[in-house]
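*Asks:* What follows is a single structure, and I will ask about it in a moment.
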Amino acid sequence: MFNKLQQKWNVSSIQLFLILCTFAVTGTTTAYVSRVATTWVGFDETTYWLWKLALRLSILIFGYQIIILIVSFFFGQFRFFWNYEKKILRRLGLISKEPIRLAIFASGKGSNAEKIIQYLEDHPIVKVSLVVCNRPGAGVLDIAAHHGIKTLLIEKNLFENSSEYVQVLKNEGVTHVVLAGFLWKIPKNLVQAYNNKIVNIHPALLPAYGGKGMYGEKVHQAVIKAGEKQSGITIHLVDEHYDNGKTLFQATVDVLPVDNADSLAEKIHALEHEHYPRVISKWLKII
Ligand code: GAR
């Protein structure tokens, strides 16, 4: 029986032992909490029995899910049980059930792409299945290779004037597109094929400092030149216009008198790395 469980959960025998300990301690703790909780909330012999039963059952059903996460933490098994909880939430329809296949589009170094790849690594229903790039030799291609992710190097004329790449994405089963420092405008056919399923990050507080020609360094230089006191990041859905779709998230950063375009770029990158993977997960309705 233990061997079967070990195989089913794909864990070592020590981990199996710790998992079983977590279940055992959680069971006793929950039973204890549900028993004493009636006293904590002030219920006594005069309280209608149905209220007491409702409270005990709620703790046994919902409290158990919280207690198991706390206990698992002490046994070093939080990750295992968090995945187990996510399965329950998925079954209840509270988080997305459908497998998600992402294509990340990037033109440069790919630091954002890397953070997203790392954040989603080992996710049970999300896979970064393709990295699309328009610049041979771009750092993001090395990052993709390092993580064993397929790459697609695209050519401008085909990208803008044919549906060839949309077909490639469809053939790869791509469900959502993430732009992470991708500098070409997304053509109409791609926007239509992935309506509300393309997200972008812009290194400024849109609608300011957006639009054609406003990318990377150029944005930061313009912000510094204008003497702005604040800049930030905008994560938004992509439509047929540059930097125009619905805003999902913004965060700000102070621009200090000592800042130049490089130091501002560094601060903005830190902000992007902190928020972009998390906002993408929220957008995808996954945890
Ligand atoms: C990021 O700062 C991103 O916001 C910006 O390019 C940089 C890419 O950095 N995107 C745009 O300017 C889009 N208009 P990375 O390659 O290190 O992720």
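Going by the structure tokens order, chains are called A, B, ..., each with residues numbered from 1, while ligands are numbered from 1 in the order shown.
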Hey, what's within 8 Å of Ile67 (chain A) if we count only C-alpha atoms and toss same-chain stuff fewer than 2 positions away? As a list in words, please?
*Replies:*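 Contacts, with the query itself left out: Thr26, Thr29, Thr30, Gly63, Tyr64, Gln65, Leu69, Ile70 and Val71 of chain A.
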*Asks:* Quick one: residues within 8 Å of region 104-111 of chain A, only C-alpha atoms, excluding same-chain residues fewer than 4 positions away - as an NGL selection string?
*Replies:* :A and (115 or 128 or 130-135 or 138-140 or 143 or 177-183 or 273)
*Asks:* Could you write those residues out with C-alpha atoms, as a JSON list (two decimals), in the first residue's frame?
*Replies:*
```
[["chain", "number", "residue", "atom", "x", "y", "z"],
["A", 115, "LYS", "CA", 11.30, 35.50, -14.31],
["A", 128, "VAL", "CA", 5.60, 28.06, -21.40],
["A", 130, "LEU", "CA", 7.28, 28.69, -27.01],
["A", 131, "VAL", "CA", 9.56, 31.73, -26.97],
["A", 132, "VAL", "CA", 9.08, 33.95, -30.01],
["A", 133, "CYS", "CA", 11.84, 36.38, -30.90],
["A", 134, "ASN", "CA", 12.48, 38.81, -33.74],
["A", 135, "ARG", "CA", 16.21, 39.35, -33.14],
["A", 138, "ALA", "CA", 18.94, 38.04, -28.44],
["A", 139, "GLY", "CA", 19.61, 36.95, -24.85],
["A", 140, "VAL", "CA", 16.10, 35.57, -24.51],
["A", 143, "ILE", "CA", 17.31, 31.68, -21.71],
["A", 177, "VAL", "CA", 0.58, 35.26, -25.43],
["A", 178, "VAL", "CA", 2.82, 37.24, -23.08],
["A", 179, "LEU", "CA", 4.86, 40.13, -24.44],
["A", 180, "ALA", "CA", 8.01, 40.69, -22.40],
["A", 181, "GLY", "CA", 10.04, 43.40, -24.08],
["A", 182, "PHE", "CA", 8.78, 42.64, -27.58],
["A", 183, "LEU", "CA", 9.26, 45.66, -29.76],
["A", 273, "HIS", "CA", 10.33, 41.24, -12.05]]
```
*Asks:* Please compute the CA of Leu205 (chain A)-CA of Ile233 (chain A) distance, one decimal, in Å.
*Replies:*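 According to the coordinates, CA of Leu205 (chain A) and CA of Ile233 (chain A) are separated by 5.5 Å.
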*Asks:* Write out as a PyMOL selection string the set of residues from region 89-237 of chain A that DSSP, computed on the backbone, places in alpha helix (DSSP H).
*Replies:* chain A and resi 89-91+111-120+139-146+156-161+164-171+188-193+216-225
*Asks:* From the options A:Ile100, A:Asn195, A:Pro203, A:Phe62, which residue's atoms come nearest to Lys285 (chain A), counting only C-alpha atoms?
*Replies:*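 Going through A:Ile100, A:Asn195, A:Pro203, A:Phe62 one by one, the smallest distance to Lys285 (chain A) is for A:Ile100.
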